[in-house]
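Taking it in order: structure first as structure tokens, then the write-up.
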Amino acid sequence: MSDQATMREPISAREWIKNVWDGFYTTLAGMKITGRYLLQKPITIQYPDERMPIPDRYRGIHYLEQEKCINCLACARACPIDCIEMDAIRHGKELEWVSFSVDYQKCMFCELCVYPCPKDCIHMGTEFAFVTDDRSELKHDLLSYKGMSREARIRMKEAEAKKAAKDAAKAAKGADAKEGDDA
Ligand code: SF4
Ligand code: SF4
């Protein structure tokens, strides 16, 4: 490349001042918004260490009040895409829970499962972070414990003992009546 091609035309002092002013002015204009927020309280948060407040009616991952649930299946029947499954063994009035799962690969967070619950024990929670690279983990078990709660087991034992005592009393009464008939 020739020297002539790389050489620029000299600019006048007036043009030079205008260029300097333009550079200064555009920098100021660009920093105007930055400057406005510079002294304000930050509006960003350090997620996931910090979280924004979540509205009460937010429809996030469900939570179950397991002690109140009666395994009536009303929520599962109401779900339009069949993503609730549950399994429990009934011991008289008490339930031994095996599973209660929601498949979040399918769930569309419509809340239709919540309204028909006769015990008001399934709710949409405020938790939303459910990131995984394993699809099987998206089938989420809502049970906080499997089997029976300690209280349910005590109630069942008391009911069994009461029944056994009643049966024994009935048997003793039957035996007394038989002895009376024989005498
Ligand atoms: S929120 Fe809707 S899609 Fe999800 S489990 Fe409930 S009824 Fe089914
Ligand atoms: S509708 Fe309510 S009580 Fe019935 S199984 Fe579902 S969560 Fe339990």
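As shown in the structure tokens, the chain order sets the letters A, B, ...; within each chain, residues go from 1, and ligands are also counted from 1 in the order they appear.
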Produce a table with one row for each residue of chain A that has an atom at most 9 Å from any atom of ligand 1, each row naming the nearest atom pair and its distance in Å at one decimal; use only C-alpha atoms and all ligand atoms; arrange rows by chain and rising residue number; format as JSON lines.
{"residue": "A:Arg59", "atom": "CA", "partner": "ligand 1", "partner_atom_place_in_ligand_line": "1 (S)", "distance": 7.9}
{"residue": "A:Gly60", "atom": "CA", "partner": "ligand 1", "partner_atom_place_in_ligand_line": "1 (S)", "distance": 8.7}
{"residue": "A:Ile61", "atom": "CA", "partner": "ligand 1", "partner_atom_place_in_ligand_line": "1 (S)", "distance": 8.6}
{"residue": "A:His62", "atom": "CA", "partner": "ligand 1", "partner_atom_place_in_ligand_line": "1 (S)", "distance": 7.8}
{"residue": "A:Cys75", "atom": "CA", "partner": "ligand 1", "partner_atom_place_in_ligand_line": "7 (S)", "distance": 7.1}
{"residue": "A:Ala76", "atom": "CA", "partner": "ligand 1", "partner_atom_place_in_ligand_line": "8 (Fe)", "distance": 7.3}
{"residue": "A:Arg77", "atom": "CA", "partner": "ligand 1", "partner_atom_place_in_ligand_line": "7 (S)", "distance": 8.6}
{"residue": "A:Ala78", "atom": "CA", "partner": "ligand 1", "partner_atom_place_in_ligand_line": "7 (S)", "distance": 6.1}
{"residue": "A:Cys79", "atom": "CA", "partner": "ligand 1", "partner_atom_place_in_ligand_line": "7 (S)", "distance": 3.6}
{"residue": "A:Pro80", "atom": "CA", "partner": "ligand 1", "partner_atom_place_in_ligand_line": "8 (Fe)", "distance": 5.9}
{"residue": "A:Ile81", "atom": "CA", "partner": "ligand 1", "partner_atom_place_in_ligand_line": "3 (S)", "distance": 5.9}
{"residue": "A:Asp82", "atom": "CA", "partner": "ligand 1", "partner_atom_place_in_ligand_line": "8 (Fe)", "distance": 6.3}
{"residue": "A:Cys83", "atom": "CA", "partner": "ligand 1", "partner_atom_place_in_ligand_line": "5 (S)", "distance": 5.4}
{"residue": "A:Ile84", "atom": "CA", "partner": "ligand 1", "partner_atom_place_in_ligand_line": "5 (S)", "distance": 5.6}
{"residue": "A:Val102", "atom": "CA", "partner": "ligand 1", "partner_atom_place_in_ligand_line": "5 (S)", "distance": 6.0}
{"residue": "A:Asp103", "atom": "CA", "partner": "ligand 1", "partner_atom_place_in_ligand_line": "5 (S)", "distance": 7.4}
{"residue": "A:Tyr104", "atom": "CA", "partner": "ligand 1", "partner_atom_place_in_ligand_line": "4 (Fe)", "distance": 7.3}
{"residue": "A:Lys106", "atom": "CA", "partner": "ligand 1", "partner_atom_place_in_ligand_line": "3 (S)", "distance": 6.7}
{"residue": "A:Cys107", "atom": "CA", "partner": "ligand 1", "partner_atom_place_in_ligand_line": "4 (Fe)", "distance": 3.8}
{"residue": "A:Met108", "atom": "CA", "partner": "ligand 1", "partner_atom_place_in_ligand_line": "3 (S)", "distance": 4.5}
{"residue": "A:Phe109", "atom": "CA", "partner": "ligand 1", "partner_atom_place_in_ligand_line": "1 (S)", "distance": 3.7}
{"residue": "A:Cys110", "atom": "CA", "partner": "ligand 1", "partner_atom_place_in_ligand_line": "2 (Fe)", "distance": 4.0}
{"residue": "A:Glu111", "atom": "CA", "partner": "ligand 1", "partner_atom_place_in_ligand_line": "1 (S)", "distance": 4.0}
{"residue": "A:Leu112", "atom": "CA", "partner": "ligand 1", "partner_atom_place_in_ligand_line": "7 (S)", "distance": 4.2}
{"residue": "A:Cys113", "atom": "CA", "partner": "ligand 1", "partner_atom_place_in_ligand_line": "7 (S)", "distance": 4.0}
{"residue": "A:Val114", "atom": "CA", "partner": "ligand 1", "partner_atom_place_in_ligand_line": "6 (Fe)", "distance": 6.7}
{"residue": "A:Met124", "atom": "CA", "partner": "ligand 1", "partner_atom_place_in_ligand_line": "1 (S)", "distance": 7.5}
Considering only C-alpha atoms and all ligand atoms, give me a table of residues in chain A that are at most 6 Å from ligand 2, with the closest atom pair and distance in Å for each, as CSV.
residue,atom,partner,partner_atom_place_in_ligand_line,distance
A:Cys69,CA,ligand 2,8 (Fe),3.8
A:Ile70,CA,ligand 2,3 (S),4.5
A:Asn71,CA,ligand 2,5 (S),3.8
A:Cys72,CA,ligand 2,4 (Fe),4.0
A:Leu73,CA,ligand 2,5 (S),4.1
A:Ala74,CA,ligand 2,1 (S),4.2
A:Cys75,CA,ligand 2,1 (S),4.1
A:Cys117,CA,ligand 2,1 (S),3.6
A:Pro118,CA,ligand 2,2 (Fe),5.8
A:Lys119,CA,ligand 2,3 (S),5.2
A:Cys121,CA,ligand 2,7 (S),5.3
A:Ile122,CA,ligand 2,7 (S),4.7
DSSP-assigned strand (DSSP E or B) members of range 4-149 of chain A, reported as number ranges by chain: A: 62-64, 84-91, 94-103, 122-124, 139-141, 147
Best match for closeness to Arg135 in chain A among A:Gln105, A:Asp49, A:Lys18, A:Lys157, counting only C-alpha atoms: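 The answer is A:Gln105, which sits nearest to Arg135 in chain A.
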Closest of A:Tyr37, A:Trp16, A:Tyr47, A:Tyr145 to Trp97 in chain A - atom-to-atom distances counting only C-alpha atoms: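 Result for the nearest residue to Trp97 in chain A: A:Tyr145.
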Backbone-only DSSP, helix (DSSP H, G or I) members of range 1-115 of chain A, as a VMD selection string: chain A and resid 3 to 6 13 to 30 32 to 38 74 to 78
Keeping only N, CA and C atoms, write the selected residues as an mmCIF file, in the first residue's frame.
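Writing done, so here's out.cif:
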data_model
loop_
_atom_site.group_PDB
_atom_site.id
_atom_site.type_symbol
_atom_site.label_atom_id
_atom_site.label_comp_id
_atom_site.auth_asym_id
_atom_site.auth_seq_id
_atom_site.Cartn_x
_atom_site.Cartn_y
_atom_site.Cartn_z
ATOM 1 N N ASP A 3 2.189 5.125 0.547
ATOM 2 C CA ASP A 3 2.067 6.100 1.639
ATOM 3 C C ASP A 3 0.937 7.068 1.402
ATOM 4 N N GLN A 4 0.708 7.311 0.111
ATOM 5 C CA GLN A 4 -0.342 8.284 -0.246
ATOM 6 C C GLN A 4 -1.731 7.786 0.159
ATOM 7 N N ALA A 5 -1.924 6.457 -0.011
ATOM 8 C CA ALA A 5 -3.231 5.857 0.303
ATOM 9 C C ALA A 5 -3.498 5.884 1.795
ATOM 10 N N THR A 6 -2.424 5.705 2.631
ATOM 11 C CA THR A 6 -2.636 5.653 4.081
ATOM 12 C C THR A 6 -2.690 7.041 4.703
ATOM 13 N N ALA A 13 -8.959 22.844 12.911
ATOM 14 C CA ALA A 13 -9.074 22.923 14.369
ATOM 15 C C ALA A 13 -10.526 22.873 14.791
ATOM 16 N N ARG A 14 -11.417 23.478 14.020
ATOM 17 C CA ARG A 14 -12.850 23.513 14.325
ATOM 18 C C ARG A 14 -13.444 22.099 14.286
ATOM 19 N N GLU A 15 -13.018 21.324 13.224
ATOM 20 C CA GLU A 15 -13.517 19.956 13.088
ATOM 21 C C GLU A 15 -12.997 19.082 14.239
ATOM 22 N N TRP A 16 -11.729 19.315 14.618
ATOM 23 C CA TRP A 16 -11.123 18.539 15.694
ATOM 24 C C TRP A 16 -11.885 18.780 17.011
ATOM 25 N N ILE A 17 -12.199 20.036 17.273
ATOM 26 C CA ILE A 17 -12.944 20.362 18.503
ATOM 27 C C ILE A 17 -14.328 19.713 18.468
ATOM 28 N N LYS A 18 -14.952 19.734 17.282
ATOM 29 C CA LYS A 18 -16.293 19.132 17.155
ATOM 30 C C LYS A 18 -16.221 17.613 17.443
ATOM 31 N N ASN A 19 -15.173 16.960 16.895
ATOM 32 C CA ASN A 19 -15.017 15.513 17.146
ATOM 33 C C ASN A 19 -14.849 15.217 18.630
ATOM 34 N N VAL A 20 -14.021 16.045 19.275
ATOM 35 C CA VAL A 20 -13.795 15.844 20.717
ATOM 36 C C VAL A 20 -15.109 16.029 21.480
ATOM 37 N N TRP A 21 -15.834 17.068 21.133
ATOM 38 C CA TRP A 21 -17.113 17.334 21.799
ATOM 39 C C TRP A 21 -18.101 16.192 21.579
ATOM 40 N N ASP A 22 -18.183 15.690 20.313
ATOM 41 C CA ASP A 22 -19.088 14.574 20.002
ATOM 42 C C ASP A 22 -18.753 13.344 20.851
ATOM 43 N N GLY A 23 -17.455 13.066 20.940
ATOM 44 C CA GLY A 23 -17.025 11.903 21.749
ATOM 45 C C GLY A 23 -17.435 12.068 23.196
ATOM 46 N N PHE A 24 -17.242 13.241 23.745
ATOM 47 C CA PHE A 24 -17.582 13.531 25.132
ATOM 48 C C PHE A 24 -19.098 13.455 25.347
ATOM 49 N N TYR A 25 -19.846 14.073 24.416
ATOM 50 C CA TYR A 25 -21.303 14.146 24.559
ATOM 51 C C TYR A 25 -21.950 12.756 24.455
ATOM 52 N N THR A 26 -21.506 11.959 23.458
ATOM 53 C CA THR A 26 -22.119 10.638 23.296
ATOM 54 C C THR A 26 -21.791 9.731 24.482
ATOM 55 N N THR A 27 -20.594 9.879 25.050
ATOM 56 C CA THR A 27 -20.265 9.091 26.251
ATOM 57 C C THR A 27 -21.190 9.483 27.399
ATOM 58 N N LEU A 28 -21.392 10.789 27.558
ATOM 59 C CA LEU A 28 -22.285 11.274 28.626
ATOM 60 C C LEU A 28 -23.711 10.758 28.429
ATOM 61 N N ALA A 29 -24.189 10.838 27.153
ATOM 62 C CA ALA A 29 -25.546 10.380 26.862
ATOM 63 C C ALA A 29 -25.671 8.893 27.155
ATOM 64 N N GLY A 30 -24.637 8.118 26.773
ATOM 65 C CA GLY A 30 -24.673 6.662 27.016
ATOM 66 C C GLY A 30 -24.662 6.329 28.490
ATOM 67 N N LYS A 32 -25.956 8.159 30.856
ATOM 68 C CA LYS A 32 -27.021 8.849 31.586
ATOM 69 C C LYS A 32 -27.853 7.860 32.421
ATOM 70 N N ILE A 33 -28.287 6.772 31.770
ATOM 71 C CA ILE A 33 -29.125 5.793 32.470
ATOM 72 C C ILE A 33 -28.310 5.071 33.540
ATOM 73 N N THR A 34 -27.064 4.723 33.209
ATOM 74 C CA THR A 34 -26.193 4.077 34.212
ATOM 75 C C THR A 34 -26.069 4.977 35.435
ATOM 76 N N GLY A 35 -25.840 6.271 35.182
ATOM 77 C CA GLY A 35 -25.675 7.244 36.267
ATOM 78 C C GLY A 35 -26.936 7.343 37.104
ATOM 79 N N ARG A 36 -28.113 7.257 36.431
ATOM 80 C CA ARG A 36 -29.380 7.383 37.161
ATOM 81 C C ARG A 36 -29.539 6.252 38.177
ATOM 82 N N TYR A 37 -29.099 5.021 37.789
ATOM 83 C CA TYR A 37 -29.262 3.870 38.678
ATOM 84 C C TYR A 37 -28.078 3.653 39.622
ATOM 85 N N LEU A 38 -26.993 4.380 39.362
ATOM 86 C CA LEU A 38 -25.751 4.138 40.101
ATOM 87 C C LEU A 38 -25.917 4.277 41.612
ATOM 88 N N ALA A 74 -60.035 -38.373 44.127
ATOM 89 C CA ALA A 74 -60.759 -37.281 43.443
ATOM 90 C C ALA A 74 -59.800 -36.375 42.672
ATOM 91 N N CYS A 75 -58.639 -36.101 43.241
ATOM 92 C CA CYS A 75 -57.663 -35.236 42.548
ATOM 93 C C CYS A 75 -57.147 -35.912 41.286
ATOM 94 N N ALA A 76 -56.853 -37.214 41.391
ATOM 95 C CA ALA A 76 -56.333 -37.944 40.222
ATOM 96 C C ALA A 76 -57.379 -38.002 39.115
ATOM 97 N N ARG A 77 -58.650 -38.171 39.510
ATOM 98 C CA ARG A 77 -59.711 -38.231 38.492
ATOM 99 C C ARG A 77 -59.918 -36.872 37.824
ATOM 100 N N ALA A 78 -59.705 -35.799 38.576
ATOM 101 C CA ALA A 78 -59.926 -34.452 38.019
ATOM 102 C C ALA A 78 -58.804 -34.028 37.074
#
Interatomic distance (Å, one decimal) between CA of Pro116 in chain A and CA of Leu142 in chain A: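 One can read the CA of Pro116 in chain A to CA of Leu142 in chain A distance as 17.9 Å.
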Within 8 Å of Glu94 in chain A using only C-alpha atoms, minus same-chain residues under 3 positions, as a list in words: Arg90, His91, Met148, Ala152, Arg153, Arg155 and Met156 of chain A
Distance in Å - CA of Glu85 in chain A versus CA of Ser101 in chain A: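 Separation of CA of Glu85 in chain A and CA of Ser101 in chain A: 5.3 Å.
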